[in-house]
Amino acid sequence: MMSKQWMAVGLLVAGLGLGGFALARAGRAITGVEVGNAAPDYRTVDLATGDSVSLHERYRGSVTLVNIWATWCAPCREEMPAMQAAYDSLRGQGFRVVAVSIDQSDSTAVRAFIEEFGLTFDILHDRTGGIQRTYQTTGVPESFLLDREGRIVRRVIGAHDWSSGVNRDLVRRLLADGGA
């Protein structure tokens, strides 16, 4: 009788040990989406073409601003003109902007927003909101400035003036860095 109880305790301890080991291994594979780390890849729809695109494949080797936003978001409306101004002044040097809408409806509202603001940078549409989980965002807008190697250089929560002198200088420095 006593040995069966000890055997059950032993099996329970062994199971907990194996579970803890598995969690520890899995935990090392999960990296935070924070400054200094590689930005995660994500695949979603390009509104201009209707194609499914990978952020890593499309923007590899470019200094890129990844912005996660929605048409119903007032701070997003506030920051879009500054993003467009930064893009207009730096795109000739290789700067890319990709704004990923998380609107759950079809693309009609997103297309109207693009037209209203005269946006010319890339607009992707993620109706599932999966990019928010992948990029571990807290809301919208949230932006990630990536260097040529796809590392996060700056993470900004909320509306931000991307056309400010400080931000343009940062982008110019990243563009001047000839890293792969």
# chains A, B, ... in the order shown; residues from 1 in each chain; ligands from 1

$ residues_around --residues "Ser62 of chain A" --least-positions-apart "3" --cutoff "12 Å" --atoms "only C-alpha atoms" --output "number ranges by chain"
A: 55-59, 65-66, 90-91, 93-98, 145-151, 171-172, 174-180

$ write_last_selection --atoms "C-alpha atoms" --output "short mmCIF file (atom, residue, chain, number, x, y, z; two decimals), in the first residue's frame"
data_model
loop_
_atom_site.label_atom_id
_atom_site.label_comp_id
_atom_site.auth_asym_id
_atom_site.auth_seq_id
_atom_site.Cartn_x
_atom_site.Cartn_y
_atom_site.Cartn_z
CA LEU A 55 6.97 41.67 -43.81
CA HIS A 56 10.41 40.02 -43.77
CA GLU A 57 10.39 39.21 -47.49
CA ARG A 58 9.06 42.58 -48.65
CA TYR A 59 11.08 44.90 -46.38
CA LEU A 65 8.55 52.00 -40.12
CA VAL A 66 5.90 49.39 -39.28
CA LEU A 90 13.04 60.17 -47.03
CA ARG A 91 11.69 57.60 -49.51
CA GLN A 93 16.91 57.58 -49.75
CA GLY A 94 15.33 54.14 -49.28
CA PHE A 95 13.01 54.68 -46.30
CA ARG A 96 9.89 52.48 -46.31
CA VAL A 97 6.67 52.84 -44.38
CA VAL A 98 4.14 50.05 -44.00
CA LEU A 145 11.18 51.50 -36.54
CA LEU A 146 13.37 48.74 -38.00
CA ASP A 147 16.96 48.93 -39.21
CA ARG A 148 18.13 47.25 -42.42
CA GLU A 149 18.63 43.97 -40.56
CA GLY A 150 15.06 43.96 -39.26
CA ARG A 151 15.99 44.82 -35.67
CA VAL A 171 16.11 57.49 -40.03
CA ARG A 172 18.91 59.19 -42.00
CA LEU A 174 19.94 54.21 -40.13
CA LEU A 175 19.85 54.72 -43.90
CA ALA A 176 23.52 55.76 -43.91
CA ASP A 177 24.42 52.54 -42.08
CA GLY A 178 25.03 50.23 -45.02
CA GLY A 179 24.25 47.08 -43.02
CA ALA A 180 22.61 44.23 -44.91
#

$ select_by_dssp --residues "segment 4-164 of chain A" --states "strand (DSSP E)" --output "ChimeraX atom specification"
/A:43-46,52-54,63-69,95-101,122-125,142-146,152-157

$ residues_around --residues "Met80 of chain A" --least-positions-apart "6" --cutoff "9 Å" --atoms "only C-alpha atoms" --output "VMD selection string"
chain A and resid 117 119 159 161 to 162

$ write_last_selection --atoms "C-alpha atoms" --output "mmCIF file, in the first residue's frame"
data_model
loop_
_atom_site.group_PDB
_atom_site.id
_atom_site.type_symbol
_atom_site.label_atom_id
_atom_site.label_comp_id
_atom_site.auth_asym_id
_atom_site.auth_seq_id
_atom_site.Cartn_x
_atom_site.Cartn_y
_atom_site.Cartn_z
ATOM 1 C CA PHE A 117 -5.238 61.339 -46.243
ATOM 2 C CA LEU A 119 -1.358 58.095 -48.317
ATOM 3 C CA ALA A 159 0.493 58.913 -31.904
ATOM 4 C CA ASP A 161 5.428 62.941 -34.936
ATOM 5 C CA TRP A 162 7.502 60.827 -37.322
#

$ atom_distance --atom1 "atom CA of Leu124 of chain A" --atom2 "atom CA of Arg173 of chain A"
26.5 Å

$ closest_atom_pairs --of "segment 59-175 of chain A" --to "segment 33-37 of chain A" --cutoff "12 Å" --atoms "only C-alpha atoms" --output "CSV"
residue,atom,partner,partner_atom,distance
A:Ile131,CA,A:Val33,CA,11.7
A:Gln132,CA,A:Val33,CA,10.9
A:Arg133,CA,A:Val33,CA,10.3
A:Thr134,CA,A:Val33,CA,8.4
A:Tyr135,CA,A:Val33,CA,6.0
A:Gln136,CA,A:Val33,CA,6.5
A:Thr137,CA,A:Val33,CA,8.8
A:Thr138,CA,A:Val33,CA,11.7
A:Glu142,CA,A:Val33,CA,12.0
A:Ser143,CA,A:Glu34,CA,11.3
A:Phe144,CA,A:Val35,CA,8.7
A:Leu145,CA,A:Val35,CA,9.1
A:Leu146,CA,A:Val35,CA,9.2
A:Asp147,CA,A:Gly36,CA,9.9
A:Glu149,CA,A:Asn37,CA,10.3
A:Gly150,CA,A:Asn37,CA,8.5
A:Arg151,CA,A:Asn37,CA,5.4
A:Ile152,CA,A:Val35,CA,4.8
A:Val153,CA,A:Val35,CA,5.3
A:Arg154,CA,A:Val35,CA,5.8
A:Arg155,CA,A:Val35,CA,6.6
A:Val156,CA,A:Val35,CA,10.2
A:Ile157,CA,A:Glu34,CA,11.9

$ write_last_selection --atoms "C-alpha atoms" --output "PDB file, in the first residue's frame"
ATOM      1  CA  ILE A 131      -0.431  41.196 -35.993  1.00  0.00           C
ATOM      2  CA  GLN A 132      -1.330  42.644 -32.603  1.00  0.00           C
ATOM      3  CA  ARG A 133      -0.622  39.302 -30.953  1.00  0.00           C
ATOM      4  CA  THR A 134       2.536  38.728 -32.991  1.00  0.00           C
ATOM      5  CA  TYR A 135       3.908  42.220 -32.262  1.00  0.00           C
ATOM      6  CA  GLN A 136       2.588  42.141 -28.668  1.00  0.00           C
ATOM      7  CA  THR A 137       0.902  45.536 -29.001  1.00  0.00           C
ATOM      8  CA  THR A 138      -1.120  47.241 -26.315  1.00  0.00           C
ATOM      9  CA  GLU A 142       1.780  51.382 -32.221  1.00  0.00           C
ATOM     10  CA  SER A 143       4.916  51.757 -34.341  1.00  0.00           C
ATOM     11  CA  PHE A 144       8.207  49.925 -34.777  1.00  0.00           C
ATOM     12  CA  LEU A 145      11.185  51.496 -36.541  1.00  0.00           C
ATOM     13  CA  LEU A 146      13.374  48.740 -37.998  1.00  0.00           C
ATOM     14  CA  ASP A 147      16.959  48.932 -39.206  1.00  0.00           C
ATOM     15  CA  GLU A 149      18.633  43.968 -40.560  1.00  0.00           C
ATOM     16  CA  GLY A 150      15.065  43.957 -39.263  1.00  0.00           C
ATOM     17  CA  ARG A 151      15.987  44.820 -35.671  1.00  0.00           C
ATOM     18  CA  ILE A 152      13.691  47.062 -33.696  1.00  0.00           C
ATOM     19  CA  VAL A 153      15.429  50.393 -33.138  1.00  0.00           C
ATOM     20  CA  ARG A 154      12.463  52.257 -31.695  1.00  0.00           C
ATOM     21  CA  ARG A 155       9.023  51.255 -30.415  1.00  0.00           C
ATOM     22  CA  VAL A 156       6.387  53.936 -29.921  1.00  0.00           C
ATOM     23  CA  ILE A 157       2.980  53.473 -28.334  1.00  0.00           C
TER      24      ILE A 157
END

$ closest_residue --among "A:Tyr87, A:Gln5, A:Arg60, A:Thr71" --to "Glu116 of chain A" --atoms "only C-alpha atoms"
A:Thr71

$ closest_residue --among "A:Ala85, A:Val53, A:Ala48, A:Ile102" --to "Ile114 of chain A" --atoms "only C-alpha atoms"
A:Ala48

$ residues_around --residues "Trp72 of chain A" --least-positions-apart "2" --cutoff "12 Å" --atoms "only C-alpha atoms" --output "list in words"
Trp69, Ala70, Ala74, Pro75, Cys76, Arg77, Glu78, Ser101, Ile102, Asp103, Gln104, Ser105, Ala109, Val110, Ala112, Phe113, Val140 and Pro141 of chain A

$ closest_residue --among "A:Ala99, A:Val166, A:Ile68, A:Cys73" --to "Gly130 of chain A" --atoms "only C-alpha atoms"
A:Ile68
